[in-house]
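Data first, discussion second: the structure below is written as structure tokens.
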Amino acid sequence: MFVFVTIIFVFVAYAISIKFVYYRYSQLWPHLLNKISTPLYTVGNSNFCPTQKRSSALLRNSEDDKPSLTANETRVLIVTAHPDDECMFFAPTVLKLVESQAAVYLLCLSTGNYNNQGLQRKRELLDSCAVLGIPSDHVTIIDDKELPDDPAVEWSTALISSLILRHIRNYGISVVLTFDGRGVSGHANHIAIYKTLRHLVSAGRLPEGCQIFSLHSISLLRKYLSVLELPVSWLLPSDFCCVIGQKEYKRAKKAMLCHRSQLLWFRRLYILFSRYMFVNTFQAITVETKNVKIY
Ligand SMILES: [Zn+2]
């Protein structure tokens with residue numbers, strides 16, 4: 001009897017702690033958003049001359065493909081490696097940012113052609129983005145033989161750098177979000193993006209004020225605790241955090257279901273149990289300051 005009462009007590013206490021995190025998060029979200037919203041690009045910036053809308057989301061963006069900008073608008077670029085990364089790993093972030101009127105751009109560096117399904121996966125990605133609230137003219141899918149969907153191929157840092165820098169400049173991006181050094185799933189293509197961005201930061205090649213955040217990779221146990229993991233993420237330190245509730249989860253799930261070619265049984269379990277369907281926590285990538293003694 002005592003054990004039973006204890007279990008019930010722990011369960012209720014944990015449920016209350018999850019509710020509390022949601023409550024506090026809703027209070028703190030404007031502050032969190034404000035923290036990353038430091039638009040240094042304004043309309044009229046000499047490096048940015050918005051002239052015309054992109055004609056196709058499936059083409060590489062050219063210097064002529066520039067959208068119109070609104071002053072003080074937070075412009076966020078999410079850099080992923082494959083179609084489905086945007087909803088599998090970044091759905092809470094995309095949904096929170098879109099809900100907050102931020103302009104969200106997606107740069108997907110491959111067509112996901114590992115099983116020769118590249119064309120279908122491009123369409124699925126656009127469908128998924130439409131569900132998440134990213135317009136098709138904010139989506140760029142790179143189809144380059146030097147960036148295949150293949151963990152065995154080392155992606156060119158120089159090529160990724162030029163693509164990301166061009167996006168940042170063309171779209172006046174002030175915040176870039178991507179994977180961390182463990183790539184969340186450990187995929188080499190994910191890790192290549194992190195390494196490139198870390199290199200750009202340490203080499204000082206990013207426009208002043210452009211902030212980079214990497215998505216925390218977490219242990220397997222935490223990864224599949226679904227919403228139960230929320231209090232743990234809340235207590236651990238992070239530089240930026242996005243949390244969604246049941247209503248937004250349904251949209252994230254709908255976006256996942258757009259990737260029909262990938263809907264194997266384990267993907268359905270992922271939708272049910274992955275914590276990344278509810279929570280994203282990020283760490284800022286900053287220039288490492290070494291302890292230098294000056295005599
Ligand atoms: Zn991926």
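Chain labels A, B, ... are given in the sequence in which chains occur in the structure tokens; within each chain residues are numbered consecutively from 1, and ligands are likewise numbered from 1 in the order shown.
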Using only C-alpha atoms, what does the table of stretch 141-205 of chain A residues within 10 Å of stretch 216-229 of chain A look like, with each row giving the shortest atom pair and its distance in Å to one decimal, sorted by chain and ascending number, as JSON lines?
{"residue": "A:Thr178", "atom": "CA", "partner": "A:His216", "partner_atom": "CA", "distance": 9.6}
{"residue": "A:Phe179", "atom": "CA", "partner": "A:His216", "partner_atom": "CA", "distance": 7.3}
{"residue": "A:Asp180", "atom": "CA", "partner": "A:His216", "partner_atom": "CA", "distance": 6.1}
{"residue": "A:Gly181", "atom": "CA", "partner": "A:Ser217", "partner_atom": "CA", "distance": 8.2}
{"residue": "A:Arg182", "atom": "CA", "partner": "A:Ser217", "partner_atom": "CA", "distance": 6.1}
{"residue": "A:Gly183", "atom": "CA", "partner": "A:Ser217", "partner_atom": "CA", "distance": 6.6}
{"residue": "A:Val184", "atom": "CA", "partner": "A:Ser217", "partner_atom": "CA", "distance": 4.3}
{"residue": "A:Ser185", "atom": "CA", "partner": "A:Ser217", "partner_atom": "CA", "distance": 7.6}
{"residue": "A:Gly186", "atom": "CA", "partner": "A:Ser217", "partner_atom": "CA", "distance": 8.7}
Around ligand 1, at most 9 Å away and counting only C-alpha atoms and all ligand atoms, which residues are there? Put them as a PDB file with N, CA and C atoms, in the first residue's frame, please.
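File out20.pdb, as written:
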ATOM      1  N   THR A  80      19.893  22.424 -42.380  1.00  0.00           N
ATOM      2  CA  THR A  80      19.767  20.976 -42.167  1.00  0.00           C
ATOM      3  C   THR A  80      20.487  20.228 -43.289  1.00  0.00           C
ATOM      4  N   ALA A  81      20.593  18.926 -43.121  1.00  0.00           N
ATOM      5  CA  ALA A  81      21.306  18.112 -44.114  1.00  0.00           C
ATOM      6  C   ALA A  81      20.356  17.372 -45.049  1.00  0.00           C
ATOM      7  N   HIS A  82      19.196  16.958 -44.543  1.00  0.00           N
ATOM      8  CA  HIS A  82      18.302  16.096 -45.330  1.00  0.00           C
ATOM      9  C   HIS A  82      16.844  16.526 -45.172  1.00  0.00           C
ATOM     10  N   PRO A  83      16.020  16.260 -46.209  1.00  0.00           N
ATOM     11  CA  PRO A  83      14.576  16.454 -46.036  1.00  0.00           C
ATOM     12  C   PRO A  83      14.128  15.552 -44.875  1.00  0.00           C
ATOM     13  N   ASP A  84      13.407  16.043 -43.984  1.00  0.00           N
ATOM     14  CA  ASP A  84      12.829  15.466 -42.739  1.00  0.00           C
ATOM     15  C   ASP A  84      13.558  15.942 -41.480  1.00  0.00           C
ATOM     16  N   ASP A  85      14.811  16.425 -41.615  1.00  0.00           N
ATOM     17  CA  ASP A  85      15.516  16.960 -40.432  1.00  0.00           C
ATOM     18  C   ASP A  85      14.722  18.116 -39.823  1.00  0.00           C
ATOM     19  N   GLU A  86      14.094  18.908 -40.688  1.00  0.00           N
ATOM     20  CA  GLU A  86      13.406  20.125 -40.213  1.00  0.00           C
ATOM     21  C   GLU A  86      12.280  19.797 -39.229  1.00  0.00           C
ATOM     22  N   MET A  88      11.837  16.424 -37.862  1.00  0.00           N
ATOM     23  CA  MET A  88      12.299  15.389 -36.926  1.00  0.00           C
ATOM     24  C   MET A  88      13.019  15.998 -35.729  1.00  0.00           C
ATOM     25  N   PHE A  89      13.801  17.043 -35.998  1.00  0.00           N
ATOM     26  CA  PHE A  89      14.654  17.600 -34.944  1.00  0.00           C
ATOM     27  C   PHE A  89      14.310  19.040 -34.558  1.00  0.00           C
ATOM     28  N   GLY A 112      18.367  14.255 -50.077  1.00  0.00           N
ATOM     29  CA  GLY A 112      18.045  12.995 -49.405  1.00  0.00           C
ATOM     30  C   GLY A 112      17.957  11.858 -50.403  1.00  0.00           C
ATOM     31  N   ASP A 149      23.559  12.681 -49.912  1.00  0.00           N
ATOM     32  CA  ASP A 149      23.018  12.147 -48.661  1.00  0.00           C
ATOM     33  C   ASP A 149      23.734  10.828 -48.397  1.00  0.00           C
ATOM     34  N   GLY A 183      25.607  15.856 -33.804  1.00  0.00           N
ATOM     35  CA  GLY A 183      24.640  15.736 -34.897  1.00  0.00           C
ATOM     36  C   GLY A 183      23.284  15.177 -34.516  1.00  0.00           C
ATOM     37  N   SER A 185      21.626  12.709 -34.229  1.00  0.00           N
ATOM     38  CA  SER A 185      21.525  11.284 -34.543  1.00  0.00           C
ATOM     39  C   SER A 185      22.905  10.698 -34.857  1.00  0.00           C
ATOM     40  N   HIS A 187      24.697  11.490 -37.435  1.00  0.00           N
ATOM     41  CA  HIS A 187      24.926  11.423 -38.892  1.00  0.00           C
ATOM     42  C   HIS A 187      26.071  12.359 -39.279  1.00  0.00           C
ATOM     43  N   ALA A 188      27.000  11.836 -40.079  1.00  0.00           N
ATOM     44  CA  ALA A 188      28.187  12.619 -40.457  1.00  0.00           C
ATOM     45  C   ALA A 188      27.814  13.901 -41.211  1.00  0.00           C
ATOM     46  N   ASN A 189      26.746  13.868 -41.996  1.00  0.00           N
ATOM     47  CA  ASN A 189      26.343  15.073 -42.742  1.00  0.00           C
ATOM     48  C   ASN A 189      25.879  16.175 -41.786  1.00  0.00           C
ATOM     49  N   HIS A 190      25.193  15.794 -40.713  1.00  0.00           N
ATOM     50  CA  HIS A 190      24.772  16.776 -39.705  1.00  0.00           C
ATOM     51  C   HIS A 190      26.009  17.411 -39.060  1.00  0.00           C
TER      52      HIS A 190
END
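Comparing the minimum interatomic distances between A:Asn34 and each of A:Ala91, A:Val10, A:Val79, A:Val175, counting only C-alpha atoms, we find that A:Val175 sits nearest.
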- Just asking: which residues within stretch 10-210 of chain A are helix (DSSP H, G or I) according to DSSP, as a PyMOL selection string? chain A and resi 10-36+85-88+91-99+113-115+118-132+136-138+157-171+183-186+188-202
- Any idea what's packed within 12 Å of stretch 201-213 of chain A, counting only C-alpha atoms, ignoring anything in its chain fewer than 2 positions away? Could you give it as a PyMOL selection string? chain A and resi 35-41+47+74-79+93+161-162+164-170+172-181+193-199+215-216+238-241+280-289
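Here atom CA of A:Glu124 is placed at a distance of 5.6 Å from atom CA of A:Cys258.
Residue nearest A:Tyr114, chosen from A:Ile244, A:Leu147, A:Val3, A:Leu132 and counting only C-alpha atoms: A:Leu147.
Contact shell of A:Asn116 at 12 Å (only C-alpha atoms; same-chain neighbours under 3 positions omitted): Thr111, Gly112, Asn113, Leu119, Gln120, Arg121, Lys122, Pro148, Asp149, Asp150 and Ser261 of chain A.
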- Query: Per DSSP on the backbone, what are the strand (DSSP E or B) residues of stretch 15-194 of chain A, as a ChimeraX atom specification?
  - Reply: /A:52,65,75-80,103-108,139-141,175-179
Put those residues in a file: C-alpha atoms, as a compact mmCIF listing (two decimals), in the first residue's frame.
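Below is the file that was written, again_7.txt:
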# COMPACT_ATOMS: atom_id res chain seq x y z
CA GLN A 52 12.46 40.22 -56.38
CA ASP A 65 16.61 35.92 -55.65
CA ARG A 75 15.16 36.40 -39.55
CA VAL A 76 16.21 32.90 -38.64
CA LEU A 77 17.99 30.40 -40.88
CA ILE A 78 17.78 26.70 -40.06
CA VAL A 79 20.49 24.69 -41.79
CA THR A 80 19.77 20.98 -42.17
CA ALA A 103 10.78 34.98 -40.67
CA VAL A 104 12.05 31.41 -40.80
CA TYR A 105 14.24 30.22 -43.69
CA LEU A 106 15.36 26.67 -44.33
CA LEU A 107 18.52 25.64 -46.13
CA CYS A 108 18.55 21.88 -46.71
CA VAL A 139 13.03 26.96 -48.57
CA THR A 140 16.20 26.14 -50.50
CA ILE A 141 17.11 22.55 -51.28
CA VAL A 175 20.21 33.88 -36.20
CA VAL A 176 21.41 30.54 -37.58
CA LEU A 177 20.31 27.25 -36.02
CA THR A 178 21.80 23.87 -36.79
CA PHE A 179 23.07 20.62 -35.27
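Atom to atom, atom CA of A:Tyr22 and atom CA of A:Gly245 stand 7.9 Å apart.
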- Excluding A:Tyr270 and any residue of its chain fewer than 3 positions from it, enumerate the residues within 12 Å of it, using only C-alpha atoms, and give them as a count of residues only. 24
- Residue nearest A:Trp234 among A:Ala192, A:Phe20, A:Val5, A:Gln101 (counting only C-alpha atoms): A:Phe20
